[in-house]
Every structure is written in C-alpha cells, then in structure tokens.
Amino acid sequence: MERQWSTGRSAPLTALVLLAGSLVAAAPAAADDRDGVPVPEVEWGACPADVPTGPYPLECGTVPVPVDYGDPDGPGIDIMVSRLAGEAPGERRGILMLNPGGPGGSGLSMPADLAALGAPADLLDTYDLIGMDPRGVGHSAPVSCGFTTDQAYYGNIPPYAVDDAAITDQAVTAEAVADRCAANDADGLLPHISTANTARDMDRIRSALGEEKTSYFGVSYGSALGAAYASLFPGRTDRIVLDSNIGDTFLGYDGMRRFGLGFEESFPEFAAWLARRDGSYGLGDSPEQVRETYFEIAEQLDEAPVAGVDGPAFRFASFIGLYGEPNYARTAQLWQALGNRDESAVQRRLDGPAGGGEEAAEPVAADNAWSAFLAVACNDSEWPEDLDAYRSGVAEDRERYPMYGAAPANVTPCAYWHHEPAEAPVEITGEGPDNVLIVQNLRDAATPYVGGVMLDEKFGQRSRLVSVDGNGHGVYLYGDNACAWNVTTGFLVDGEFPERDVSCGASANAGPESGSGSERLRTRTLDRLRDTA
C-alpha cells in the first residue's frame with residue numbers, strides 16, 4: 001500500500017515542507033586551470049519582478065554556458081546573475097560570488113539579503129556582491145519533475161520510517177518520483193545539473209565579469225559548491241569562506257544521514273530553552289522532560305494524526321525548528337497544539353486549513369527547488385540501489401539517533417535515478433593557495449559540526465577552521481557570534497588569514513582563541529566520526 005504524503009490532501013504537510021525554505025565509477029573531476037573560454041560581458045539591467053531587492057540597487061544579467069562541458073559547442077543555456085556593486089569604487093578589491101545553499105536554492109537576491117542582514121560597510125565597499133541562480137534553478141533554465149499536489153511526496157528529506165513497512169511504502173513513492181523526473185525532462189537538461197558543472201559555470205561568470213580571480217561566500221550546500229570551485233580552479237580563487245559545511249563537494253547518502261546527528265546535537269539547546277519557559281508552554285521543566293515530551297507527541301501522532309499532521313511530519317517540523325532560536329517559539333506553539341490535539345490551533349500554526357477535499361491537482365510551489373535538489377544530489381554521486389541497504393541504514397540510525405535518524409536514512413528518488421553520474425565527485429586536495437576559511441557552529445541541525453572538521457581535514461594547509469560555540473544553521477551574517485563575524489570580515493576585507501584554527505566562545509565578549517583547545521576539539525570529532533563510520 002502506498003503511503004499517502006499527498007500535499008493536496010493535507011495543507012499542513014505543505015506548510016511543514018515550506019518551513020524548510022531553505023546532495024559505474026568515473027574518474028574524479030580534475031582541477032581545471034587552463035585559459036578560460038572567451039565569454040561575452042554581462043549586460044546589466046533590471047532584475048525580474050519576482051527577485052526581492054529591497055532598497056538596494058540590485059542589477060541582473062545573463063551569462064551563456066554550455067549544457068554539456070564535454071561538448072562546449074553544443075546546446076547552451078543562460079545563467080542569470082545579480083550584482084550589488086561596491087559602494088566605494090576606489091576601495092574595490094573584486095567580486096565576491098555567493099550561494100545560499102540547497103542544492104536548488106535561488107541566489108539572485110542574496111547580495112541584497114546580506115546587505116539587509118547587516119553586512120559591514122567595509123565588505124560592501126570591498127566587493128561587488130554577485131548572486132546567481134545556479135543551472136536548473138529559478139531564472140537559469142529551471143528543471144521540473146512536474147510535482148503536483150495530488151502526488152505522494154514529502155520533499156527533499158524522506159519521511160521518518162516508523163516501521164519496515166514505511167520503508168517499503170517510501171520506496172514505491174521514491175521510484176515513482178524518479179520515473180516522473182525522467183519523463184518530464186524533454187530537453188535532456190536534467191543529467192547535466194551537477195555541482196561540478198555549476199562550479200564550471202561560476203568560472204564562466206568570473207570571466208564574463210572580467211576578473212582574474214574571484215572570492216566566494218557559500219552557506220550550507222553552498223560550502224560544497226565553493227569547495228568544488230576551489231578544487232577545480234585553485235589558481236582563480238582569492239578569498240574563500242565556506243559556512244555551515246556538509247563535509248565534501250557533494251551531498252550523498254552519508255551526508256543526508258548526518259541530519260540525524262545534527263538533530264541530536266542541536267536539540268538540547270532547544271530543550272533547555274523550553275524548560276526555562278515551562279510556565280509558559282508546559283512542555284517540560286527540564287531538558288530531559290522536554291525530550292520525553294517529543295517522543296510522546298511523536299508516538300501519539302504515529303497512532304492518530306491531528307489535522308493531517310502525523311508522527312513523521314511532526315518530526316520534520318521539529319527538525320526545521322532547530323535551525324535557530326528565531327524558530328523556537330513557533331515550534332513550541334505547534335508542539336502545544338499537537339499535544340493538546342487541537343485541530344484549529346494546528347491549522348493556525350501552519351497557516352492554513354486542513355485538506356481532505358477532492359481539489360484538482362495543482363503544481364507544487366516547491367517543484368523547481370525539489371527537482372533541482374534531486375538533480376544535483378542524484379547526479380553528483382552514486383546512491384545505494386538495494387532496498388536492504390536503506391533498511392539497514394534506518395535500523396542503525398534509529399538506534400544511534402532515535403529522535404530523527406530514521407528519516408534521512410530512508411529511501412530517496414536517487415535510489416532509482418535514471419542517470420548514472422557522468423563523473424565522480426570533485427576531489428578536494430590541499431593543492432592551491434592557503435585561502436579557505438571554514439566557519440562552523442558546534443551545534444547545527446542541518447550541517448553538524450563534523451562537516452566543518454571533515455572539510456578542513458580534506459583541504460589540509462589550505463584551510464583554517466573557525467569553530468563557533470553556537471547553535472543554528474548559518475554563522476557569518478546569518479548568526480550573531482561577534483567573534484565569528486570579526487574573524488570572517490577580517491579575512492574577506494583585510495586578508496587576515498588565521499595562522500591556526502580558531503575557537504570562538506559563546507559569550508558576546510569572547511574573542512578568538514587558537515591553539516591546543518581548538519585542536520583537541522577537532523581531533524575528538526574526527527575520532528568520533530571514525531568510530532561511527
């Protein structure tokens with residue numbers, strides 16, 4: 001029997017998904033530092049009406065790239081880029097290319113977003129901030145699997161597998177999605193949506209902007225894209241900042257499974273926040289009791305959903321709630337409503353009434369984001385094809401990470417993808433300039449700390465790791481740790497590259513520390529990773 005995850009029949013499930021907003025063996029993609037192909041200069045103009053620019057003078061233009069870099073004279077597509085020009089041309093250093101993550105996230109508004117988040121004036125004076133919609137996304141030849149509201153699909157993270165039957169049900173759904181993606185790819189673009197090709201597009205953009213080198217700031221999956229660019233084109237990199245890291249140049253099955261670890265590491269801070277407010281929310285007067293409440297609500301919803309929200313959907317909503325403290329209050333309200341089995345309150349928390357009617361199927365708003373995510377994740381690396389591998393992964397992670405591990409270890413459409421990866425993932429090496437700053441919170445639900453340690457280990461002497469005693473997804477500008485801001489700004493603006501790895505304390509007055517403490521933390525994390533591999 002197919003598990004019903006139809007967004008059309010349960011509007012709350014759609015709302016939960018949208019809360020997220022926001023990866024035959026071939027030779028590895030090799031470093032590419034050849035002379036660039038001539039690319040026409042960008043003609044700047046107004047951005048599309050659906051790109052939020054706020055009060056900032058954002059401009060947009062396009063850069064032509066080949067669909068297949070193995071056939072550079074074949075069919076092409078246009079990549080749309082945006083620019084927030086430096087405010088002091090006399091102090092301009094160059095360009096700072098940006099990516100907000102995903103994969104599948106639109107980045108055209110990111111220059112304006114960073115300015116609105118309080119980017120320092122020196123940063124805005126030093127660089128032209130360059131956003132982009134990566135290939136397959138938004139205004140850059142968007143791909144579509146044709147997701148509609150009558151389909152049984154949960155989104156990028158599989159549903160929590162409450163039992164073995166749920167794995168089998170999800171496999172049926174995942175295979176149907178993979179088939180639909182292939183059938184909907186009339187122009188044959190889908191197999192060419194990958195991290196390596198997007199990195200090559202970035203180099204075309206650099207050339208079109210007339211720059212010999214580029215600096216870069218990428219968050220979440222954007223860390224993988226930046227790591228790929230720094231590895232393919234090391235001689236064309238200036239200052240690289242990789243924030244909230246997934247640990248490599250691709251998001252494969254192992255990377256997905258680390259969401260379970262991220263949940264476990266991030267939850268205690270949320271639990272402590274709730275415990276301090278037990279008089280307001282009544283969800284537990286200690287972190288341990290809050291954890292028990294989580295399991296109680298999940299198990300109740302496994303047996304009897306409320307307003308279309310079942311146990312897996314509740315677990316997913318809680319995962320998104322751990323992205324940062326601004327999400328905590330709304331997540332607590334949802335817990336209250338679900339625990340009280342108050343359908344109207346659940347509907348209010350999710351901004352819409354429960355479904356249940358026979359409405360006509362409509363396109364899913366997240367269709368392009370979901371489709372681009374699948375294209376990149378499935379094309380970048382090989383995924384297990386044997387369903388028993390997923391059963392084993394779910395069983396292991398339910399034991400190791402009981403709060404959420406049985407979700408990201410579950411089956412995705414990549415198990416049934418119709419295209420083999422055209423090339424192995426971009427390999428990270430230590431060859432190139434020492435210019436990669438890796439910033440990472442110690443507690444991050446989506447990209448746990450170990451991802452930053454893994455990436456730092458791969459880059460060797462090229463990188464420095466800034467470990468931040470913070471909780472949430474996003475450190476520089478998206479977070480509020482003063483030490484992390486100062487270290488990152490000092491590097492991007494003044495070229496102050498730390499001599500050693502740096503630790504930033506949680507205190508607002510804490511400054512950067514380097515030395516044995518940071519190294520012990522890094523070593524302990526690597527040891528734990530090896531123990532659980």
# chains A, B, ... in the order shown; residues from 1 in each chain; ligands from 1
>>> select_by_dssp(residues="range 98-277 of chain A", states="strand (DSSP E or B)", output="MDAnalysis selection string")
chainID A and resid 98:99 127:132 137 140 148 152 214:219 237:243
>>> closest_residue(among="A:Gly146, A:Pro305, A:Gly479, A:Pro425", to="Asp380 in chain A", atoms="only C-alpha atoms")
A:Pro425
>>> residues_around(residues="range 280-287 of chain A", least_positions_apart="4", cutoff="10 Å", atoms="only C-alpha atoms", output="ChimeraX atom specification")
/A:267-276,291-294,329,332-333,335-336,339
>>> write_last_selection(atoms="N, CA and C atoms", output="CSV table (one decimal), in the first residue's frame")
chain,number,residue,atom,x,y,z
A,267,PHE,N,19.3,19.6,19.5
A,267,PHE,CA,18.0,19.6,20.3
A,267,PHE,C,18.2,20.0,21.8
A,268,PRO,N,19.3,19.6,22.4
A,268,PRO,CA,19.5,20.0,23.9
A,268,PRO,C,19.3,21.5,24.1
A,269,GLU,N,19.8,22.4,23.1
A,269,GLU,CA,19.7,23.8,23.4
A,269,GLU,C,18.2,24.2,23.3
A,270,PHE,N,17.5,23.7,22.3
A,270,PHE,CA,16.0,24.0,22.2
A,270,PHE,C,15.3,23.5,23.5
A,271,ALA,N,15.7,22.3,23.9
A,271,ALA,CA,15.1,21.7,25.1
A,271,ALA,C,15.3,22.5,26.3
A,272,ALA,N,16.5,23.0,26.5
A,272,ALA,CA,16.8,23.9,27.6
A,272,ALA,C,16.0,25.2,27.5
A,273,TRP,N,15.9,25.7,26.3
A,273,TRP,CA,15.1,27.0,26.1
A,273,TRP,C,13.6,26.7,26.5
A,274,LEU,N,13.1,25.6,26.1
A,274,LEU,CA,11.7,25.2,26.5
A,274,LEU,C,11.6,25.0,28.0
A,275,ALA,N,12.6,24.3,28.6
A,275,ALA,CA,12.5,24.0,30.0
A,275,ALA,C,12.5,25.3,30.9
A,276,ARG,N,13.2,26.3,30.4
A,276,ARG,CA,13.2,27.6,31.1
A,276,ARG,C,11.9,28.3,31.0
A,291,ARG,N,12.6,16.3,26.1
A,291,ARG,CA,12.9,15.2,25.2
A,291,ARG,C,11.8,14.1,25.3
A,292,GLU,N,11.4,13.8,26.5
A,292,GLU,CA,10.4,12.8,26.7
A,292,GLU,C,9.1,13.2,26.0
A,293,THR,N,8.8,14.5,26.2
A,293,THR,CA,7.6,15.1,25.5
A,293,THR,C,7.6,14.9,24.0
A,294,TYR,N,8.8,15.1,23.4
A,294,TYR,CA,9.0,15.0,22.0
A,294,TYR,C,8.5,13.5,21.6
A,329,ALA,N,10.0,29.6,19.2
A,329,ALA,CA,8.6,29.9,19.8
A,329,ALA,C,7.5,29.3,18.9
A,332,ALA,N,7.4,25.6,19.5
A,332,ALA,CA,6.8,25.3,20.8
A,332,ALA,C,5.3,25.4,20.7
A,333,GLN,N,4.8,26.4,20.0
A,333,GLN,CA,3.3,26.6,19.8
A,333,GLN,C,2.7,25.4,19.0
A,335,TRP,N,4.0,22.3,19.0
A,335,TRP,CA,4.0,21.2,19.9
A,335,TRP,C,2.8,21.3,20.9
A,336,GLN,N,2.5,22.5,21.4
A,336,GLN,CA,1.4,22.6,22.3
A,336,GLN,C,0.1,22.2,21.6
A,339,GLY,N,0.1,18.4,20.9
A,339,GLY,CA,-0.1,17.7,22.2
A,339,GLY,C,-1.5,17.7,22.8
>>> closest_residue(among="A:Arg93, A:Arg391, A:Arg464, A:His418", to="Ala171 in chain A", atoms="only C-alpha atoms")
A:Arg391
>>> closest_residue(among="A:Ser371, A:Thr214, A:Gln170, A:Ser266", to="Glu325 in chain A", atoms="only C-alpha atoms")
A:Ser266
>>> decode(residues="range 158-182 of chain A", atoms="N, CA and C atoms", output="PDB file, in the first residue's frame")
ATOM      1  N   PRO A 158      13.320  12.382   3.256  1.00  0.00           N
ATOM      2  CA  PRO A 158      12.276  11.350   3.305  1.00  0.00           C
ATOM      3  C   PRO A 158      11.531  11.373   4.632  1.00  0.00           C
ATOM      4  N   PRO A 159      10.321  10.812   4.661  1.00  0.00           N
ATOM      5  CA  PRO A 159       9.577  10.747   5.920  1.00  0.00           C
ATOM      6  C   PRO A 159      10.219   9.773   6.897  1.00  0.00           C
ATOM      7  N   TYR A 160      10.062  10.055   8.173  1.00  0.00           N
ATOM      8  CA  TYR A 160      10.545   9.171   9.225  1.00  0.00           C
ATOM      9  C   TYR A 160       9.902   7.800   9.061  1.00  0.00           C
ATOM     10  N   ALA A 161      10.719   6.762   9.033  1.00  0.00           N
ATOM     11  CA  ALA A 161      10.209   5.403   8.867  1.00  0.00           C
ATOM     12  C   ALA A 161       9.842   4.835  10.229  1.00  0.00           C
ATOM     13  N   VAL A 162       8.557   4.767  10.510  1.00  0.00           N
ATOM     14  CA  VAL A 162       8.114   4.288  11.814  1.00  0.00           C
ATOM     15  C   VAL A 162       8.247   2.767  11.929  1.00  0.00           C
ATOM     16  N   ASP A 163       8.305   2.069  10.779  1.00  0.00           N
ATOM     17  CA  ASP A 163       8.479   0.620  10.775  1.00  0.00           C
ATOM     18  C   ASP A 163       8.989   0.210   9.396  1.00  0.00           C
ATOM     19  N   ASP A 164       9.214  -1.084   9.212  1.00  0.00           N
ATOM     20  CA  ASP A 164       9.760  -1.569   7.944  1.00  0.00           C
ATOM     21  C   ASP A 164       8.797  -1.335   6.790  1.00  0.00           C
ATOM     22  N   ALA A 165       7.501  -1.423   7.062  1.00  0.00           N
ATOM     23  CA  ALA A 165       6.524  -1.192   6.003  1.00  0.00           C
ATOM     24  C   ALA A 165       6.618   0.227   5.458  1.00  0.00           C
ATOM     25  N   ALA A 166       6.964   1.173   6.333  1.00  0.00           N
ATOM     26  CA  ALA A 166       7.097   2.560   5.889  1.00  0.00           C
ATOM     27  C   ALA A 166       8.255   2.719   4.912  1.00  0.00           C
ATOM     28  N   ILE A 167       9.296   1.920   5.068  1.00  0.00           N
ATOM     29  CA  ILE A 167      10.418   1.961   4.122  1.00  0.00           C
ATOM     30  C   ILE A 167       9.961   1.452   2.763  1.00  0.00           C
ATOM     31  N   THR A 168       9.217   0.365   2.758  1.00  0.00           N
ATOM     32  CA  THR A 168       8.704  -0.184   1.504  1.00  0.00           C
ATOM     33  C   THR A 168       7.767   0.798   0.817  1.00  0.00           C
ATOM     34  N   ASP A 169       6.882   1.434   1.587  1.00  0.00           N
ATOM     35  CA  ASP A 169       5.974   2.433   1.023  1.00  0.00           C
ATOM     36  C   ASP A 169       6.742   3.601   0.422  1.00  0.00           C
ATOM     37  N   GLN A 170       7.763   4.082   1.145  1.00  0.00           N
ATOM     38  CA  GLN A 170       8.553   5.197   0.653  1.00  0.00           C
ATOM     39  C   GLN A 170       9.317   4.815  -0.608  1.00  0.00           C
ATOM     40  N   ALA A 171       9.746   3.555  -0.718  1.00  0.00           N
ATOM     41  CA  ALA A 171      10.445   3.116  -1.919  1.00  0.00           C
ATOM     42  C   ALA A 171       9.539   3.216  -3.147  1.00  0.00           C
ATOM     43  N   VAL A 172       8.268   2.866  -2.977  1.00  0.00           N
ATOM     44  CA  VAL A 172       7.312   2.984  -4.080  1.00  0.00           C
ATOM     45  C   VAL A 172       7.181   4.445  -4.510  1.00  0.00           C
ATOM     46  N   THR A 173       7.048   5.326  -3.536  1.00  0.00           N
ATOM     47  CA  THR A 173       6.945   6.756  -3.827  1.00  0.00           C
ATOM     48  C   THR A 173       8.210   7.275  -4.498  1.00  0.00           C
ATOM     49  N   ALA A 174       9.373   6.903  -3.962  1.00  0.00           N
ATOM     50  CA  ALA A 174      10.648   7.391  -4.491  1.00  0.00           C
ATOM     51  C   ALA A 174      10.850   6.947  -5.937  1.00  0.00           C
ATOM     52  N   GLU A 175      10.502   5.699  -6.241  1.00  0.00           N
ATOM     53  CA  GLU A 175      10.667   5.211  -7.618  1.00  0.00           C
ATOM     54  C   GLU A 175       9.733   5.949  -8.569  1.00  0.00           C
ATOM     55  N   ALA A 176       8.514   6.223  -8.131  1.00  0.00           N
ATOM     56  CA  ALA A 176       7.572   6.959  -8.970  1.00  0.00           C
ATOM     57  C   ALA A 176       8.076   8.371  -9.258  1.00  0.00           C
ATOM     58  N   VAL A 177       8.689   8.999  -8.262  1.00  0.00           N
ATOM     59  CA  VAL A 177       9.237  10.344  -8.464  1.00  0.00           C
ATOM     60  C   VAL A 177      10.383  10.311  -9.462  1.00  0.00           C
ATOM     61  N   ALA A 178      11.291   9.345  -9.319  1.00  0.00           N
ATOM     62  CA  ALA A 178      12.405   9.242 -10.261  1.00  0.00           C
ATOM     63  C   ALA A 178      11.900   9.032 -11.681  1.00  0.00           C
ATOM     64  N   ASP A 179      10.878   8.204 -11.839  1.00  0.00           N
ATOM     65  CA  ASP A 179      10.304   7.971 -13.163  1.00  0.00           C
ATOM     66  C   ASP A 179       9.699   9.252 -13.719  1.00  0.00           C
ATOM     67  N   ARG A 180       9.014   9.983 -12.870  1.00  0.00           N
ATOM     68  CA  ARG A 180       8.360  11.213 -13.324  1.00  0.00           C
ATOM     69  C   ARG A 180       9.394  12.270 -13.720  1.00  0.00           C
ATOM     70  N   CYS A 181      10.481  12.366 -12.950  1.00  0.00           N
ATOM     71  CA  CYS A 181      11.534  13.324 -13.297  1.00  0.00           C
ATOM     72  C   CYS A 181      12.107  13.012 -14.678  1.00  0.00           C
ATOM     73  N   ALA A 182      12.370  11.745 -14.940  1.00  0.00           N
ATOM     74  CA  ALA A 182      12.921  11.356 -16.241  1.00  0.00           C
ATOM     75  C   ALA A 182      11.932  11.636 -17.363  1.00  0.00           C
TER      76      ALA A 182
END
